[in-house]
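The block underneath contains the structure these notes are about, expressed in structure tokens.
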Amino acid sequence: MTNPSIISSALPNPMLPAPFVVEQVRKETNDTFTLLLEPVNEHREFRFQPGQFNMLYMFGVGEVPISISGDPAHPETLVHTLRAVGSVTNAMRMLKPGDTIGVRGPFGVPWPVDKAIGKDIVLITGGIGLAPLRPAIYHILTNRPNYGKFVLLYGARTPQEVLYKSELAKWRSRFDMTVEVTTDRATGSWMGDVGVVTTLIPRVPFDPHNALALVCGPEIMMRYTIMELEKRGVPLDHIYVSMERNMQCAIGLCGHCQVGPVFVCKDGPVFRFDQIQDWFKKWEV
Ligand SMILES: Cc1cc2nc3c(=O)[nH]c(=O)nc-3n(C[C@H](O)[C@H](O)[C@H](O)COP(=O)(O)OP(=O)(O)OC[C@H]3O[C@@H](n4cnc5c(N)ncnc54)[C@H](O)[C@@H]3O)c2cc1C
Ligand code: FES
């Protein structure tokens with residue numbers, strides 16, 4: 001399943017973090033923030049494909065895998081959106097412009113945006129799962145004539161937790177894509193849909209037999225999404241999911257991310273669902 005041309009790192013030594021300077025720390029929600037990073041060696045290319053991730057190294061604290069959430073057509077600034085959950089991500093939340101962190105990558109198998117050419121494309125995401133899908137959205141919009149219908153369904157727990165609000169509003173105002181946002185609970189002045197993201201699937205326009213679905217979010221959300229897509233008639237081999245696992249090396253050496261016979265770091269994190277469904281059900285394998 002591994003595609004060596006894709007997993008090869010942009011860095012000469014994939015285990016050696018390259019220094020990047022924090023250009024901006026943008027608060028997204030109460031517990032999420034976006035880091036805009038610039039290479040210390042500004043002449044170095046950092047090309048990536050939608051769905052790939054980097055290992056971000058906070059000196060003296062530790063290293064974590066984080067998806068790249070910027071525009072692949074603008075690789076000069078490296079963009080990551082993080083949720084502060086533990087020691088490394090909370091330390092990264094305290095970063096200031098001018099600070100330096102280490103970056104290894106890019107790693108992993110990307111979203112199959114080329115396989116989707118000529119097809120409808122449906123992105124379904126929950127919570128911070130919108131961040132790993134955002135490069136795919138940029139790519140599809142840059143190459144819009146290559147695709148049929150383009151649908152983005154996004155669910156967050158509350159209106160306060162909706163990521164990239166102004167960008168969602170901009171995408172929503174386009175004639176060439178369908179954007180639906182729902183929250184589990186309505187609070188404040190929320191006028192949008194209420195309910196889990198799967199409730200949106202039956203009502204949006206796409207041809208289930210000629211569509212690719214890209215799914216990213218919490219495990220439970222992905223399970224119900226796949227069931228709903230199946231009900232709608234989308235074949236399992238047209239559904240792609242992004243999986244999360246503990247990672248250390250990110251290049252298939254340490255075994256930390258192994259799930260059944262696959263390594264999430266190099267065979268994924270994006271998998272065609274029918275190829276991993278047995279392992280997907282056993283999440284703690
Ligand atoms: C391929 C890949 C891509 C990823 N992309 C992103 C991304 O774009 N943005 C992002 O914020 N995270 C992303 N993650 C998850 C991220 O790597 C972890 O949240 C991070 O490693 C946590 O490290 P920590 O040291 O801050 O927390 P830890 O100290 O390791 O964890 C603290 C606590 O938080 C829990 N926890 C860990 N991860 C999560 C999580 N994702 N959600 C809720 N609770 C969690 C742990 O179980 C633990 O109880 C990705 C993971 C993978 C494998
Ligand atoms: S993280 Fe080491 S094998 Fe995947």
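For the structure tokens, the naming scheme is as follows: chains receive sequential letters (A, B, ...) according to their order of presentation, residues are indexed from 1 within each chain, and ligands are indexed from 1 in presentation order.
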How close does each residue of chain A get to ligand 1, giving the shortest atom pair and distance in Å to one decimal for every residue with an atom at most 9 Å away, counting only C-alpha atoms and all ligand atoms, sorted by chain and residue number, as CSV?
residue,atom,partner,partner_atom_place_in_ligand_line,distance
A:Thr32,CA,ligand 1,11 (O),7.2
A:Phe33,CA,ligand 1,11 (O),8.5
A:Gly51,CA,ligand 1,1 (C),8.5
A:Gln52,CA,ligand 1,1 (C),7.5
A:Phe53,CA,ligand 1,1 (C),5.8
A:Asn54,CA,ligand 1,3 (C),7.9
A:Met55,CA,ligand 1,17 (O),8.4
A:Val61,CA,ligand 1,25 (O),8.3
A:Gly62,CA,ligand 1,25 (O),7.0
A:Glu63,CA,ligand 1,25 (O),7.3
A:Val64,CA,ligand 1,21 (O),4.4
A:Pro65,CA,ligand 1,17 (O),4.3
A:Ile66,CA,ligand 1,5 (N),3.6
A:Ser67,CA,ligand 1,8 (O),3.9
A:Ile68,CA,ligand 1,8 (O),6.4
A:Ser69,CA,ligand 1,8 (O),6.8
A:His80,CA,ligand 1,8 (O),6.2
A:Thr81,CA,ligand 1,9 (N),5.3
A:Leu82,CA,ligand 1,11 (O),3.3
A:Arg83,CA,ligand 1,11 (O),3.7
A:Ala84,CA,ligand 1,26 (O),6.0
A:Val85,CA,ligand 1,34 (O),4.5
A:Gly86,CA,ligand 1,27 (O),3.1
A:Ser87,CA,ligand 1,25 (O),4.3
A:Val88,CA,ligand 1,25 (O),3.8
A:Thr89,CA,ligand 1,26 (O),3.6
A:Asn90,CA,ligand 1,26 (O),5.8
A:Ala91,CA,ligand 1,26 (O),7.7
A:Met92,CA,ligand 1,26 (O),8.3
A:Phe107,CA,ligand 1,1 (C),8.5
A:Gly108,CA,ligand 1,1 (C),7.6
A:Ile128,CA,ligand 1,9 (N),6.3
A:Gly129,CA,ligand 1,8 (O),7.2
A:Leu130,CA,ligand 1,8 (O),8.5
A:Ala131,CA,ligand 1,8 (O),5.6
A:Pro132,CA,ligand 1,8 (O),5.5
A:Pro218,CA,ligand 1,42 (N),8.0
A:Ser242,CA,ligand 1,1 (C),7.5
A:Met243,CA,ligand 1,1 (C),6.7
A:Glu244,CA,ligand 1,53 (C),3.8
A:Arg245,CA,ligand 1,53 (C),4.4
A:Asn246,CA,ligand 1,53 (C),5.8
A:Met247,CA,ligand 1,53 (C),6.2
A:Ala250,CA,ligand 1,1 (C),8.8
A:Cys257,CA,ligand 1,53 (C),8.0
A:Val264,CA,ligand 1,1 (C),7.4
A:Cys265,CA,ligand 1,1 (C),6.7
A:Gly268,CA,ligand 1,1 (C),7.8
A:Pro269,CA,ligand 1,1 (C),5.3
A:Val270,CA,ligand 1,1 (C),8.4
Please save N, CA and C atoms of the selected residues as a compact mmCIF listing (two decimals), in the first residue's frame.
# COMPACT_ATOMS: atom_id res chain seq x y z
N THR A 32 -8.25 25.85 20.25
CA THR A 32 -7.51 25.58 19.01
C THR A 32 -6.84 26.86 18.51
N PHE A 33 -5.72 26.66 17.85
CA PHE A 33 -4.95 27.79 17.33
C PHE A 33 -4.20 27.35 16.08
N GLY A 51 -3.44 16.43 2.96
CA GLY A 51 -3.61 15.23 3.79
C GLY A 51 -2.32 14.79 4.46
N GLN A 52 -1.18 15.34 4.01
CA GLN A 52 0.09 14.95 4.64
C GLN A 52 0.26 15.67 5.99
N PHE A 53 1.18 15.15 6.80
CA PHE A 53 1.39 15.73 8.13
C PHE A 53 2.87 15.96 8.38
N ASN A 54 3.17 16.78 9.37
CA ASN A 54 4.53 17.00 9.83
C ASN A 54 4.66 16.56 11.28
N MET A 55 5.87 16.27 11.69
CA MET A 55 6.18 16.10 13.11
C MET A 55 6.69 17.45 13.60
N VAL A 61 10.35 19.71 25.14
CA VAL A 61 9.05 19.18 25.59
C VAL A 61 8.71 17.88 24.84
N GLY A 62 8.73 17.92 23.52
CA GLY A 62 8.43 16.71 22.78
C GLY A 62 7.96 17.01 21.36
N GLU A 63 7.59 15.91 20.68
CA GLU A 63 7.27 16.01 19.26
C GLU A 63 5.89 15.40 19.01
N VAL A 64 5.08 16.03 18.15
CA VAL A 64 3.73 15.50 17.86
C VAL A 64 3.45 15.55 16.35
N PRO A 65 2.64 14.56 15.87
CA PRO A 65 2.24 14.61 14.46
C PRO A 65 1.07 15.58 14.29
N ILE A 66 1.17 16.50 13.35
CA ILE A 66 0.10 17.46 13.09
C ILE A 66 -0.06 17.62 11.58
N SER A 67 -1.30 17.52 11.12
CA SER A 67 -1.58 17.66 9.68
C SER A 67 -1.26 19.07 9.22
N ILE A 68 -0.88 19.17 7.95
CA ILE A 68 -0.66 20.49 7.38
C ILE A 68 -2.03 21.02 6.95
N SER A 69 -2.35 22.25 7.34
CA SER A 69 -3.70 22.75 7.05
C SER A 69 -3.70 23.95 6.11
N HIS A 80 -0.36 25.03 10.39
CA HIS A 80 -0.89 23.91 11.16
C HIS A 80 -1.92 24.43 12.14
N THR A 81 -3.02 23.71 12.29
CA THR A 81 -4.02 24.07 13.30
C THR A 81 -4.01 22.98 14.36
N LEU A 82 -3.88 23.40 15.62
CA LEU A 82 -3.74 22.41 16.71
C LEU A 82 -4.80 22.61 17.76
N ARG A 83 -5.22 21.49 18.35
CA ARG A 83 -6.03 21.56 19.57
C ARG A 83 -5.11 21.28 20.74
N ALA A 84 -5.16 22.17 21.74
CA ALA A 84 -4.30 21.98 22.92
C ALA A 84 -4.94 20.92 23.80
N VAL A 85 -4.30 19.72 23.84
CA VAL A 85 -4.85 18.63 24.66
C VAL A 85 -3.88 18.14 25.72
N GLY A 86 -2.58 18.29 25.48
CA GLY A 86 -1.60 17.73 26.41
C GLY A 86 -0.34 18.56 26.46
N SER A 87 0.76 17.92 26.90
CA SER A 87 1.96 18.69 27.21
C SER A 87 2.52 19.43 26.00
N VAL A 88 2.66 18.75 24.87
CA VAL A 88 3.30 19.40 23.72
C VAL A 88 2.39 20.46 23.10
N THR A 89 1.14 20.09 22.86
CA THR A 89 0.24 21.04 22.20
C THR A 89 -0.06 22.25 23.10
N ASN A 90 -0.10 22.04 24.42
CA ASN A 90 -0.29 23.19 25.32
C ASN A 90 0.94 24.09 25.33
N ALA A 91 2.14 23.49 25.26
CA ALA A 91 3.36 24.30 25.19
C ALA A 91 3.38 25.09 23.88
N MET A 92 2.89 24.48 22.81
CA MET A 92 2.89 25.17 21.51
C MET A 92 1.89 26.33 21.50
N PHE A 107 5.11 13.96 5.76
CA PHE A 107 4.98 12.51 5.78
C PHE A 107 3.56 12.09 5.37
N GLY A 108 3.46 10.84 4.97
CA GLY A 108 2.15 10.22 4.83
C GLY A 108 1.54 10.29 3.45
N ILE A 128 -11.87 19.19 14.82
CA ILE A 128 -10.61 19.66 14.24
C ILE A 128 -10.27 18.92 12.94
N GLY A 129 -11.09 17.92 12.59
CA GLY A 129 -10.92 17.19 11.33
C GLY A 129 -11.00 18.09 10.11
N LEU A 130 -11.53 19.28 10.27
CA LEU A 130 -11.57 20.21 9.14
C LEU A 130 -10.15 20.66 8.76
N ALA A 131 -9.25 20.68 9.74
CA ALA A 131 -7.88 21.16 9.47
C ALA A 131 -7.15 20.27 8.46
N PRO A 132 -7.13 18.94 8.65
CA PRO A 132 -6.46 18.08 7.67
C PRO A 132 -7.14 18.09 6.29
N PRO A 218 -13.48 12.57 14.65
CA PRO A 218 -13.38 11.57 15.71
C PRO A 218 -13.86 10.20 15.20
N SER A 242 -9.07 9.38 7.32
CA SER A 242 -7.75 9.67 7.87
C SER A 242 -7.72 9.17 9.30
N MET A 243 -6.72 8.34 9.61
CA MET A 243 -6.65 7.72 10.94
C MET A 243 -5.59 8.40 11.81
N GLU A 244 -5.82 8.37 13.10
CA GLU A 244 -4.83 8.94 14.04
C GLU A 244 -4.26 7.83 14.91
N ARG A 245 -2.98 7.85 15.10
CA ARG A 245 -2.32 6.91 16.00
C ARG A 245 -1.14 7.61 16.66
N ASN A 246 -0.71 7.08 17.79
CA ASN A 246 0.52 7.58 18.41
C ASN A 246 1.68 7.39 17.47
N MET A 247 2.48 8.40 17.32
CA MET A 247 3.61 8.27 16.40
C MET A 247 4.90 8.71 17.06
N ALA A 250 7.57 8.31 12.48
CA ALA A 250 6.81 8.78 11.30
C ALA A 250 7.34 8.23 9.99
N CYS A 257 2.84 3.15 15.48
CA CYS A 257 1.55 3.48 14.85
C CYS A 257 0.95 2.28 14.14
N VAL A 264 0.31 3.48 10.25
CA VAL A 264 -0.47 4.69 9.93
C VAL A 264 0.44 5.78 9.37
N CYS A 265 1.70 5.84 9.84
CA CYS A 265 2.58 6.93 9.41
C CYS A 265 2.97 6.83 7.96
N GLY A 268 -0.59 5.34 5.71
CA GLY A 268 -1.67 6.32 5.87
C GLY A 268 -1.05 7.68 6.05
N PRO A 269 -1.68 8.64 6.75
CA PRO A 269 -2.87 8.44 7.57
C PRO A 269 -4.15 8.28 6.75
N VAL A 270 -4.08 8.56 5.42
CA VAL A 270 -5.30 8.43 4.62
C VAL A 270 -5.36 7.02 4.06
Shell of 10 Å around A:Ile124, only C-alpha atoms, local chain residues under 6 positions omitted, as a PyMOL selection string: chain A and resi 130+133+151-155+180+197-198+200-201+213-217+221-222+225-226+241
Closest of A:Thr199, A:His209, A:Pro97, A:Glu167 to A:Tyr224 - atom-to-atom distances counting only C-alpha atoms: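 For A:Tyr224, the nearest of the candidates is A:Thr199.
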Strand (DSSP E) positions in stretch 10-118 of chain A, given as a PyMOL selection string: chain A and resi 18-27+32-39+53-58+62-67+78-83+100-107
12 Å contact set for A:Arg144, only C-alpha atoms, chain neighbours under 2 positions out, as a list in words: Val113, Ala116, Ile117, Gly118, Lys119, Asp120, Ile121, Ala136, Ile137, Tyr138, His139, Ile140, Leu141, Thr142, Asn146, Tyr147, Gly148, Lys149, Phe150, Arg174, Phe175, Asp176 and Met177 of chain A
Residues flagged helix (DSSP H, G or I) by DSSP in stretch 119-238 of chain A, as a PyMOL selection string: chain A and resi 127-142+144-146+159-161+165-172+197-203+208-210+219-232+236-238
For the residues in that selection, give me C-alpha atoms as an mmCIF file, in the first residue's frame.
data_model
loop_
_atom_site.group_PDB
_atom_site.id
_atom_site.type_symbol
_atom_site.label_atom_id
_atom_site.label_comp_id
_atom_site.auth_asym_id
_atom_site.auth_seq_id
_atom_site.Cartn_x
_atom_site.Cartn_y
_atom_site.Cartn_z
ATOM 1 C CA GLY A 127 -14.264 19.064 14.972
ATOM 2 C CA ILE A 128 -10.607 19.658 14.244
ATOM 3 C CA GLY A 129 -10.919 17.188 11.328
ATOM 4 C CA LEU A 130 -11.569 20.208 9.136
ATOM 5 C CA ALA A 131 -7.883 21.164 9.467
ATOM 6 C CA PRO A 132 -6.457 18.082 7.667
ATOM 7 C CA LEU A 133 -9.115 18.496 4.943
ATOM 8 C CA ARG A 134 -8.525 22.207 4.347
ATOM 9 C CA PRO A 135 -5.587 21.689 1.926
ATOM 10 C CA ALA A 136 -7.878 19.397 -0.130
ATOM 11 C CA ILE A 137 -10.518 22.147 -0.207
ATOM 12 C CA TYR A 138 -7.937 24.677 -1.452
ATOM 13 C CA HIS A 139 -6.710 22.199 -4.064
ATOM 14 C CA ILE A 140 -10.211 21.389 -5.337
ATOM 15 C CA LEU A 141 -11.152 25.079 -5.552
ATOM 16 C CA THR A 142 -7.918 25.882 -7.425
ATOM 17 C CA ARG A 144 -12.498 23.406 -9.718
ATOM 18 C CA PRO A 145 -13.288 22.511 -13.382
ATOM 19 C CA ASN A 146 -11.708 19.066 -12.830
ATOM 20 C CA PRO A 159 -21.107 27.177 17.556
ATOM 21 C CA GLN A 160 -18.095 28.408 19.568
ATOM 22 C CA GLU A 161 -16.100 25.414 18.372
ATOM 23 C CA LYS A 165 -15.690 30.658 10.482
ATOM 24 C CA SER A 166 -14.960 33.430 8.011
ATOM 25 C CA GLU A 167 -13.530 31.019 5.459
ATOM 26 C CA LEU A 168 -16.573 28.750 5.793
ATOM 27 C CA ALA A 169 -18.793 31.775 5.144
ATOM 28 C CA LYS A 170 -16.754 32.611 2.025
ATOM 29 C CA TRP A 171 -16.957 29.041 0.705
ATOM 30 C CA ARG A 172 -20.655 28.961 1.467
ATOM 31 C CA VAL A 197 -23.022 15.846 10.811
ATOM 32 C CA THR A 198 -24.415 12.531 9.531
ATOM 33 C CA THR A 199 -27.928 14.036 9.460
ATOM 34 C CA LEU A 200 -26.807 16.235 6.562
ATOM 35 C CA ILE A 201 -25.754 13.351 4.301
ATOM 36 C CA PRO A 202 -29.186 12.314 2.932
ATOM 37 C CA ARG A 203 -30.089 15.801 1.755
ATOM 38 C CA PRO A 208 -23.336 8.317 -4.894
ATOM 39 C CA HIS A 209 -22.165 6.044 -7.705
ATOM 40 C CA ASN A 210 -19.778 8.612 -9.119
ATOM 41 C CA GLU A 219 -13.592 7.792 15.344
ATOM 42 C CA ILE A 220 -17.263 7.569 16.292
ATOM 43 C CA MET A 221 -18.200 10.284 13.803
ATOM 44 C CA MET A 222 -16.328 8.463 11.033
ATOM 45 C CA ARG A 223 -18.095 5.163 11.823
ATOM 46 C CA TYR A 224 -21.579 6.683 11.593
ATOM 47 C CA THR A 225 -20.605 8.704 8.530
ATOM 48 C CA ILE A 226 -19.523 5.560 6.692
ATOM 49 C CA MET A 227 -22.804 3.823 7.604
ATOM 50 C CA GLU A 228 -24.787 6.789 6.285
ATOM 51 C CA LEU A 229 -22.723 6.964 3.083
ATOM 52 C CA GLU A 230 -23.350 3.247 2.551
ATOM 53 C CA LYS A 231 -27.102 3.832 2.988
ATOM 54 C CA ARG A 232 -26.869 6.556 0.371
ATOM 55 C CA LEU A 236 -16.878 1.392 0.399
ATOM 56 C CA ASP A 237 -13.970 1.629 -2.016
ATOM 57 C CA HIS A 238 -15.013 5.214 -2.776
#
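Between atom CA of A:Phe271 and atom CA of A:Ile101 the interatomic distance comes to 29.2 Å.
For the residues A:Tyr240, A:Pro14, A:Pro72, A:Phe206, ranking by smallest atom-to-atom distance to ligand 2 using only C-alpha atoms and all ligand atoms places A:Pro14 first.
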Shortest interatomic distance to A:Ile251 - which of A:Gly60, A:Pro106, A:Pro19, A:Pro39, counting only C-alpha atoms: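 Comparing A:Gly60, A:Pro106, A:Pro19, A:Pro39 against A:Ile251, the winner is A:Pro106.
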Atom CA of A:Val196 to atom CA of A:Ala211, straight-line distance in Å: 21.7 Å
A:Phe48, A:Trp111, A:Tyr57, A:Phe20 ranked by distance to A:Arg272, top pick (using only C-alpha atoms): A:Trp111
Top pick for closest residue to ligand 2, considering A:Asp274, A:Leu123, A:Met15, A:Arg93 and counting only C-alpha atoms and all ligand atoms: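 Counting only C-alpha atoms and all ligand atoms, the residue closest to ligand 2 is A:Met15.
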Nearest-residue call for ligand 2, choices A:Val179, A:Leu253, A:Leu163, A:Val259, using only C-alpha atoms and all ligand atoms: A:Leu253
Surrounding residues of A:Leu78 excluding itself and chain neighbours under 5 positions, 7 Å, only C-alpha atoms, as number ranges by chain: A: 36-38, 70
